[in-house]
Structure formats: structure tokens, C-alpha cells
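Presented below is the structure to which this report refers.
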Amino acid sequence: MKHLSIIVPEGENNLSSIVGAYKIFTRANQYQKDLGKNEVFKIQLVGISKEVEFYDGLFAVRPHTHLRNVGKTDLVIIPSLNHNYENAVKANGLLIEWISSQYKNGAEIASICTGAFLLASSGLLDGKSCSTHWAAEESFRNLFPKVNLKADKLITDEHGICTNGGAYSFLNLIIYLIEKYYGRETAIFCAKVFQIEMDRQSQAGFMIFKGTTIDISNMNYR
């Protein structure tokens, strides 16, 4: 059985991508069992602290294990961060080193949305393509000029590193990974269960406002 590490970074970052990744991969494992097949992954939340609080203590996550207890993993998922990216990077130096060592030991890495800031801080994205949320494009380019940022892409997959455009489109990345590791049938099942559009390629978006179509892909929200 392969091992999946869903990272729980230090700091008040985004809870949804941690929970969403955990739920969908758990459901994929259950579907495999229902078909009489073996589970693909042992799924663990991995972090530095015994508990990490979110949204001013309203929620808390208790990782299954400390990263020092995971000597070898096969897939690492990095969740999205809140907006103070530089502070998040400073607070998670140990995690960043661990991610780098796991990749060099054969693990594949997937970053969700602004989790790309943690991934890029490891140096693993230098010279590679990467996506992140379009609203963080300027900050990312300033911090990581060696990375080939493609903020219009929903998903990139290069040399065992996947990245994702952002926000709730992380669900598309998870379905992409489900198909990669479990197969098309399981991915279709999970997409139906969680009502996720499959095979989406771009994060460029449009909205309808009072009968007028507005391209929001280049808007810069602050």
C-alpha cells in the first residue's frame, strides 16, 4: 500500500483543502474496497504540532502523526495558505525541508493554490512550471523569479510535481490525482459523489452581471 501525507502547516491557513483532500481520498479508498480491491493509500495528516487551530480557534486539526515519524511517503499534498505567505514560509521551515527530502526520495508532490509558496521555497520548482491562485501571481513572481509561473493553468504536472490554480478548484486537482493513482473509473465515481466537474483545464473565469459577461481572470482583488 502506498502512503499519502496531507500536510497540516503551522499557522492559521486554509482548512478546506486539508479536509477536502482527506475526504475524497478516503472515499476513493472505500470505493476500491467496495469493488473487492485493495485500498491504494494509507492516508495520514502530517504536521509539526499536535494541534493546529483555524479561524481564531473555531476549528482545530490534530495531525495523525509528526513528520519525523514518516520516513518514506509516496504522495505529499500541500494545502493552501492564507495571505501572509512570507510568514507562513518562515513558520514552516521544517516542513519545507521534509517536503524536499521526500521528493528527492521518490515522492510525488502536489500543492494546492497558494501552497505553491511553501513548495517553491524548497527550491523544487526552480526551472519548472507551476500554477497558483491568480490573485497571488504578482507576489509569487516577485518571490520566486526562477519558477515558470502559469497562473492561467488550473493544473500543472511536471517531473512528479503537480500544482493547482486555486480556491475550490483544488477539487479538480484531487480528482486528477485520484485518476492518476486509482484509475478513471474511481475518478468518475468520486467526481459524481462530490459533484466535481472533471477534465477542467483552465482557471480563467467569467461571470454574468446584469446581462453582461465579464472576464474575471485578470481582475486583481486586494
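Just remember, in the C-alpha cells the first chain shown is A, the second B, etc., residues are 1-based per chain, and ligands are 1-based in the order shown.
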Taking the backbone alone, and naming residues the way the document does, which bits of region 8-204 of chain A are helix (DSSP H, G or I) by DSSP, as a CSV table (one decimal) with N, CA, C and O atoms, in the first residue's frame?
```csv
chain,number,residue,atom,x,y,z
A,16,SER,N,-10.1,24.1,4.4
A,16,SER,CA,-10.9,23.4,3.4
A,16,SER,C,-10.2,22.5,2.5
A,16,SER,O,-10.6,21.3,2.3
A,17,SER,N,-9.0,22.9,2.1
A,17,SER,CA,-8.2,22.0,1.2
A,17,SER,C,-7.6,20.8,2.0
A,17,SER,O,-7.4,19.7,1.3
A,18,ILE,N,-7.4,20.9,3.3
A,18,ILE,CA,-7.0,19.7,4.1
A,18,ILE,C,-8.1,18.7,4.2
A,18,ILE,O,-8.0,17.5,3.9
A,19,VAL,N,-9.3,19.2,4.6
A,19,VAL,CA,-10.5,18.4,4.8
A,19,VAL,C,-10.9,17.8,3.5
A,19,VAL,O,-11.2,16.6,3.4
A,20,GLY,N,-11.0,18.6,2.4
A,20,GLY,CA,-11.4,18.1,1.1
A,20,GLY,C,-10.6,17.0,0.6
A,20,GLY,O,-11.1,16.0,0.1
A,21,ALA,N,-9.2,17.2,0.6
A,21,ALA,CA,-8.3,16.2,0.2
A,21,ALA,C,-8.5,14.9,1.0
A,21,ALA,O,-8.6,13.8,0.4
A,22,TYR,N,-8.6,15.0,2.3
A,22,TYR,CA,-8.8,13.8,3.1
A,22,TYR,C,-10.1,13.1,2.8
A,22,TYR,O,-10.1,11.9,2.7
A,23,LYS,N,-11.2,13.8,2.7
A,23,LYS,CA,-12.5,13.2,2.4
A,23,LYS,C,-12.5,12.4,1.1
A,23,LYS,O,-13.0,11.3,1.0
A,24,ILE,N,-12.0,13.1,0.0
A,24,ILE,CA,-12.1,12.5,-1.3
A,24,ILE,C,-11.2,11.3,-1.4
A,24,ILE,O,-11.6,10.2,-2.0
A,25,PHE,N,-10.0,11.3,-0.9
A,25,PHE,CA,-9.1,10.2,-1.0
A,25,PHE,C,-9.6,9.0,-0.1
A,25,PHE,O,-9.5,7.9,-0.5
A,26,THR,N,-10.2,9.4,1.0
A,26,THR,CA,-10.8,8.3,1.9
A,26,THR,C,-12.0,7.7,1.1
A,26,THR,O,-12.2,6.4,1.2
A,27,ARG,N,-12.8,8.5,0.4
A,27,ARG,CA,-13.9,7.9,-0.3
A,27,ARG,C,-13.4,7.0,-1.5
A,27,ARG,O,-14.0,6.0,-1.8
A,28,ALA,N,-12.3,7.4,-2.1
A,28,ALA,CA,-11.7,6.6,-3.2
A,28,ALA,C,-11.2,5.3,-2.6
A,28,ALA,O,-11.4,4.2,-3.3
A,29,ASN,N,-10.6,5.3,-1.5
A,29,ASN,CA,-10.2,4.0,-0.8
A,29,ASN,C,-11.4,3.1,-0.6
A,29,ASN,O,-11.4,1.9,-0.8
A,30,GLN,N,-12.5,3.7,-0.1
A,30,GLN,CA,-13.7,2.9,0.2
A,30,GLN,C,-14.3,2.3,-1.0
A,30,GLN,O,-14.8,1.2,-1.0
A,31,TYR,N,-14.3,3.1,-2.1
A,31,TYR,CA,-14.8,2.6,-3.4
A,31,TYR,C,-14.0,1.4,-3.8
A,31,TYR,O,-14.5,0.4,-4.3
A,32,GLN,N,-12.7,1.4,-3.7
A,32,GLN,CA,-11.8,0.3,-4.0
A,32,GLN,C,-12.2,-0.9,-3.2
A,32,GLN,O,-12.3,-2.0,-3.7
A,33,LYS,N,-12.5,-0.7,-1.9
A,33,LYS,CA,-12.9,-1.8,-1.1
A,33,LYS,C,-14.2,-2.4,-1.5
A,33,LYS,O,-14.4,-3.6,-1.5
A,34,ASP,N,-15.1,-1.5,-1.8
A,34,ASP,CA,-16.5,-2.0,-2.3
A,34,ASP,C,-16.4,-2.8,-3.5
A,34,ASP,O,-17.3,-3.7,-3.8
A,67,LEU,N,5.8,14.7,11.4
A,67,LEU,CA,6.5,14.4,10.1
A,67,LEU,C,7.8,13.5,10.4
A,67,LEU,O,8.2,12.8,9.5
A,68,ARG,N,8.4,13.6,11.6
A,68,ARG,CA,9.6,12.8,11.8
A,68,ARG,C,9.3,11.3,11.9
A,68,ARG,O,10.2,10.5,11.7
A,69,ASN,N,8.0,11.0,12.0
A,69,ASN,CA,7.6,9.6,12.0
A,69,ASN,C,7.3,9.0,10.7
A,69,ASN,O,7.0,7.8,10.5
A,85,TYR,N,2.0,35.1,3.1
A,85,TYR,CA,2.8,34.0,2.6
A,85,TYR,C,4.2,33.9,3.2
A,85,TYR,O,4.7,32.8,3.5
A,86,GLU,N,4.8,35.1,3.3
A,86,GLU,CA,6.2,35.1,3.8
A,86,GLU,C,6.2,34.6,5.3
A,86,GLU,O,7.1,33.8,5.7
A,87,ASN,N,5.2,35.0,6.1
A,87,ASN,CA,5.2,34.5,7.5
A,87,ASN,C,4.9,33.0,7.5
A,87,ASN,O,5.5,32.2,8.3
A,88,ALA,N,4.1,32.5,6.6
A,88,ALA,CA,3.8,31.1,6.5
A,88,ALA,C,5.1,30.3,6.2
A,88,ALA,O,5.3,29.2,6.7
A,89,VAL,N,5.9,30.8,5.3
A,89,VAL,CA,7.1,30.1,4.9
A,89,VAL,C,8.1,30.1,6.1
A,89,VAL,O,8.7,29.1,6.4
A,90,LYS,N,8.2,31.2,6.8
A,90,LYS,CA,9.1,31.3,7.9
A,90,LYS,C,8.7,30.3,9.0
A,90,LYS,O,9.5,29.7,9.7
A,91,ALA,N,7.4,30.1,9.2
A,91,ALA,CA,6.9,29.3,10.3
A,91,ALA,C,7.0,27.8,10.0
A,91,ALA,O,6.8,26.9,10.8
A,93,GLY,N,9.6,26.1,8.1
A,93,GLY,CA,10.9,25.7,7.6
A,93,GLY,C,11.1,24.2,7.7
A,93,GLY,O,11.6,23.5,6.8
A,94,LEU,N,10.7,23.6,8.8
A,94,LEU,CA,10.9,22.1,9.0
A,94,LEU,C,10.1,21.3,8.0
A,94,LEU,O,10.6,20.3,7.4
A,95,LEU,N,8.9,21.8,7.8
A,95,LEU,CA,8.0,21.1,6.8
A,95,LEU,C,8.6,21.2,5.4
A,95,LEU,O,8.6,20.3,4.6
A,96,ILE,N,9.1,22.4,5.0
A,96,ILE,CA,9.7,22.6,3.7
A,96,ILE,C,10.9,21.7,3.5
A,96,ILE,O,11.0,21.1,2.4
A,97,GLU,N,11.7,21.6,4.5
A,97,GLU,CA,12.9,20.7,4.3
A,97,GLU,C,12.4,19.2,4.2
A,97,GLU,O,13.0,18.5,3.4
A,98,TRP,N,11.4,18.9,4.9
A,98,TRP,CA,10.9,17.5,4.8
A,98,TRP,C,10.3,17.2,3.5
A,98,TRP,O,10.5,16.1,2.9
A,99,ILE,N,9.5,18.2,2.9
A,99,ILE,CA,9.0,18.0,1.6
A,99,ILE,C,10.1,17.8,0.6
A,99,ILE,O,10.0,16.9,-0.3
A,100,SER,N,11.1,18.6,0.7
A,100,SER,CA,12.2,18.5,-0.3
A,100,SER,C,12.9,17.1,-0.2
A,100,SER,O,13.2,16.5,-1.2
A,101,SER,N,13.1,16.6,1.0
A,101,SER,CA,13.8,15.3,1.2
A,101,SER,C,12.9,14.2,0.7
A,101,SER,O,13.4,13.2,0.1
A,102,GLN,N,11.6,14.3,0.9
A,102,GLN,CA,10.7,13.3,0.4
A,102,GLN,C,10.7,13.2,-1.1
A,102,GLN,O,10.6,12.1,-1.7
A,103,TYR,N,10.7,14.4,-1.7
A,103,TYR,CA,10.7,14.4,-3.2
A,103,TYR,C,12.0,13.7,-3.7
A,103,TYR,O,12.0,12.9,-4.7
A,104,LYS,N,13.1,14.1,-3.1
A,104,LYS,CA,14.4,13.5,-3.5
A,104,LYS,C,14.4,12.0,-3.2
A,104,LYS,O,15.2,11.3,-3.9
A,113,CYS,N,-3.3,25.6,-4.6
A,113,CYS,CA,-3.4,27.1,-4.6
A,113,CYS,C,-2.1,27.7,-4.1
A,113,CYS,O,-1.1,27.5,-4.6
A,114,THR,N,-2.2,28.5,-3.0
A,114,THR,CA,-1.0,29.2,-2.5
A,114,THR,C,-0.1,28.3,-1.7
A,114,THR,O,0.9,28.8,-1.2
A,115,GLY,N,-0.4,27.1,-1.6
A,115,GLY,CA,0.5,26.1,-1.0
A,115,GLY,C,1.8,26.1,-1.9
A,115,GLY,O,2.9,25.6,-1.4
A,116,ALA,N,1.7,26.6,-3.1
A,116,ALA,CA,2.9,26.7,-4.0
A,116,ALA,C,4.0,27.5,-3.4
A,116,ALA,O,5.1,27.4,-3.7
A,117,PHE,N,3.6,28.5,-2.5
A,117,PHE,CA,4.6,29.3,-1.8
A,117,PHE,C,5.5,28.4,-1.0
A,117,PHE,O,6.8,28.6,-0.9
A,118,LEU,N,5.0,27.5,-0.2
A,118,LEU,CA,5.8,26.5,0.5
A,118,LEU,C,6.6,25.7,-0.4
A,118,LEU,O,7.8,25.5,-0.1
A,119,LEU,N,6.0,25.2,-1.4
A,119,LEU,CA,6.7,24.3,-2.3
A,119,LEU,C,7.9,25.0,-3.0
A,119,LEU,O,9.0,24.5,-3.1
A,120,ALA,N,7.6,26.2,-3.5
A,120,ALA,CA,8.6,27.0,-4.2
A,120,ALA,C,9.8,27.4,-3.3
A,120,ALA,O,10.9,27.5,-3.7
A,121,SER,N,9.5,27.5,-2.0
A,121,SER,CA,10.5,27.9,-1.0
A,121,SER,C,11.5,26.8,-0.8
A,121,SER,O,12.7,27.0,-0.4
A,134,TRP,N,-4.6,33.1,-9.2
A,134,TRP,CA,-4.3,34.3,-10.0
A,134,TRP,C,-4.1,35.6,-9.1
A,134,TRP,O,-3.3,36.5,-9.5
A,135,ALA,N,-4.8,35.7,-8.0
A,135,ALA,CA,-4.7,36.9,-7.2
A,135,ALA,C,-3.3,37.0,-6.5
A,135,ALA,O,-2.9,38.0,-6.0
A,136,ALA,N,-2.6,35.8,-6.4
A,136,ALA,CA,-1.3,35.8,-5.8
A,136,ALA,C,-0.1,35.9,-6.8
A,136,ALA,O,1.0,35.7,-6.4
A,137,GLU,N,-0.5,36.1,-8.0
A,137,GLU,CA,0.5,36.0,-9.1
A,137,GLU,C,1.7,37.0,-8.9
A,137,GLU,O,2.9,36.6,-9.0
A,138,GLU,N,1.4,38.2,-8.6
A,138,GLU,CA,2.4,39.2,-8.5
A,138,GLU,C,3.4,38.9,-7.4
A,138,GLU,O,4.6,39.0,-7.5
A,139,SER,N,2.8,38.5,-6.2
A,139,SER,CA,3.6,38.2,-5.0
A,139,SER,C,4.5,37.0,-5.3
A,139,SER,O,5.7,37.0,-5.0
A,140,PHE,N,3.9,36.0,-6.0
A,140,PHE,CA,4.7,34.8,-6.3
A,140,PHE,C,5.9,35.1,-7.2
A,140,PHE,O,7.0,34.6,-7.0
A,141,ARG,N,5.6,35.9,-8.3
A,141,ARG,CA,6.7,36.2,-9.3
A,141,ARG,C,7.8,37.0,-8.6
A,141,ARG,O,9.0,36.7,-8.9
A,142,ASN,N,7.5,37.8,-7.7
A,142,ASN,CA,8.5,38.6,-7.0
A,142,ASN,C,9.4,37.8,-6.1
A,142,ASN,O,10.6,38.0,-6.0
A,143,LEU,N,8.7,36.8,-5.5
A,143,LEU,CA,9.5,36.0,-4.5
A,143,LEU,C,10.3,34.8,-5.2
A,143,LEU,O,11.3,34.4,-4.8
A,167,ALA,N,-8.2,28.3,-4.9
A,167,ALA,CA,-9.6,28.3,-4.3
A,167,ALA,C,-10.2,26.9,-4.3
A,167,ALA,O,-9.5,25.9,-4.2
A,168,TYR,N,-11.5,26.8,-4.6
A,168,TYR,CA,-12.1,25.5,-4.6
A,168,TYR,C,-11.8,24.7,-5.9
A,168,TYR,O,-12.3,23.5,-6.0
A,169,SER,N,-11.1,25.2,-6.8
A,169,SER,CA,-10.6,24.4,-7.9
A,169,SER,C,-9.7,23.3,-7.4
A,169,SER,O,-9.3,22.4,-8.2
A,170,PHE,N,-9.2,23.4,-6.2
A,170,PHE,CA,-8.4,22.3,-5.7
A,170,PHE,C,-9.1,20.9,-5.8
A,170,PHE,O,-8.5,19.9,-5.9
A,171,LEU,N,-10.4,21.0,-5.8
A,171,LEU,CA,-11.2,19.7,-6.0
A,171,LEU,C,-10.9,19.1,-7.3
A,171,LEU,O,-10.8,17.8,-7.5
A,172,ASN,N,-10.6,19.9,-8.4
A,172,ASN,CA,-10.2,19.3,-9.7
A,172,ASN,C,-8.9,18.7,-9.6
A,172,ASN,O,-8.6,17.6,-10.2
A,173,LEU,N,-7.9,19.3,-8.8
A,173,LEU,CA,-6.6,18.7,-8.7
A,173,LEU,C,-6.8,17.3,-8.0
A,173,LEU,O,-6.1,16.3,-8.3
A,174,ILE,N,-7.6,17.2,-6.9
A,174,ILE,CA,-7.8,16.0,-6.2
A,174,ILE,C,-8.3,14.9,-7.1
A,174,ILE,O,-7.9,13.7,-7.1
A,175,ILE,N,-9.3,15.2,-7.9
A,175,ILE,CA,-9.9,14.3,-8.9
A,175,ILE,C,-8.8,13.9,-9.9
A,175,ILE,O,-8.7,12.7,-10.3
A,176,TYR,N,-8.0,14.8,-10.3
A,176,TYR,CA,-6.9,14.5,-11.2
A,176,TYR,C,-6.0,13.5,-10.6
A,176,TYR,O,-5.5,12.5,-11.2
A,177,LEU,N,-5.6,13.7,-9.3
A,177,LEU,CA,-4.8,12.7,-8.6
A,177,LEU,C,-5.4,11.4,-8.4
A,177,LEU,O,-4.8,10.3,-8.5
A,178,ILE,N,-6.7,11.4,-8.1
A,178,ILE,CA,-7.5,10.1,-8.0
A,178,ILE,C,-7.4,9.3,-9.3
A,178,ILE,O,-7.1,8.1,-9.2
A,179,GLU,N,-7.6,10.0,-10.4
A,179,GLU,CA,-7.5,9.3,-11.7
A,179,GLU,C,-6.0,8.7,-11.9
A,179,GLU,O,-5.8,7.6,-12.4
A,180,LYS,N,-5.1,9.5,-11.5
A,180,LYS,CA,-3.7,9.1,-11.7
A,180,LYS,C,-3.3,7.9,-10.9
A,180,LYS,O,-2.6,7.0,-11.4
A,181,TYR,N,-3.8,7.8,-9.7
A,181,TYR,CA,-3.4,6.7,-8.8
A,181,TYR,C,-4.4,5.6,-8.7
A,181,TYR,O,-4.1,4.4,-8.4
A,182,TYR,N,-5.7,5.9,-8.9
A,182,TYR,CA,-6.7,4.9,-8.8
A,182,TYR,C,-7.3,4.4,-10.1
A,182,TYR,O,-7.9,3.4,-10.2
A,184,ARG,N,-9.5,5.7,-14.0
A,184,ARG,CA,-10.6,6.6,-14.5
A,184,ARG,C,-11.9,6.3,-13.8
A,184,ARG,O,-12.7,7.1,-13.4
A,185,GLU,N,-12.2,5.0,-13.6
A,185,GLU,CA,-13.4,4.6,-13.0
A,185,GLU,C,-13.7,5.2,-11.6
A,185,GLU,O,-14.7,5.7,-11.3
A,186,THR,N,-12.6,5.1,-10.8
A,186,THR,CA,-12.7,5.6,-9.4
A,186,THR,C,-12.8,7.2,-9.5
A,186,THR,O,-13.6,7.8,-8.7
A,187,ALA,N,-12.1,7.8,-10.4
A,187,ALA,CA,-12.2,9.2,-10.5
A,187,ALA,C,-13.6,9.7,-10.9
A,187,ALA,O,-14.1,10.7,-10.4
A,188,ILE,N,-14.2,9.0,-11.8
A,188,ILE,CA,-15.6,9.3,-12.3
A,188,ILE,C,-16.5,9.2,-11.1
A,188,ILE,O,-17.4,10.0,-10.9
A,189,PHE,N,-16.4,8.1,-10.4
A,189,PHE,CA,-17.2,7.9,-9.2
A,189,PHE,C,-17.1,9.0,-8.2
A,189,PHE,O,-18.1,9.5,-7.7
A,190,CYS,N,-15.9,9.4,-7.9
A,190,CYS,CA,-15.7,10.4,-6.9
A,190,CYS,C,-16.2,11.8,-7.4
A,190,CYS,O,-16.8,12.5,-6.6
A,191,ALA,N,-16.0,12.0,-8.7
A,191,ALA,CA,-16.5,13.3,-9.2
A,191,ALA,C,-18.0,13.3,-9.1
A,191,ALA,O,-18.6,14.4,-8.9
A,192,LYS,N,-18.7,12.2,-9.3
A,192,LYS,CA,-20.1,12.2,-9.2
A,192,LYS,C,-20.6,12.3,-7.8
A,192,LYS,O,-21.5,13.1,-7.5
A,193,VAL,N,-19.9,11.6,-6.9
A,193,VAL,CA,-20.3,11.7,-5.5
A,193,VAL,C,-20.1,13.1,-4.9
A,193,VAL,O,-21.0,13.7,-4.2
```
Original post:
Quick one: of A:Ile6, A:Ala151, A:Ala107, A:Leu81, who's nearest to Thr65 (chain A), counting only C-alpha atoms?
Top reply: A:Ile6
Original post:
Rounded to one decimal in Å, what is the spacing between CA of Asn13 (chain A) and CA of Met1 (chain A)?
Top reply: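 One can read the CA of Asn13 (chain A) to CA of Met1 (chain A) distance as 29.8 Å.
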**OP:** Skip Leu4 (chain A) itself and residues of its chain fewer than 2 positions away, then list as a ChimeraX atom specification all residues within 7 Å of it, counting only C-alpha atoms.
**Re:** /A:2,6,41-44,73-76
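Every protein, DNA or RNA residue with an atom at most 8 Å from region 54-59 of chain A, where only C-alpha atoms count and chain neighbours fewer than 2 positions away do not, is listed here: Gly11, Glu12, Asn13, Asn14, Leu15, Val52 and Val61 of chain A.
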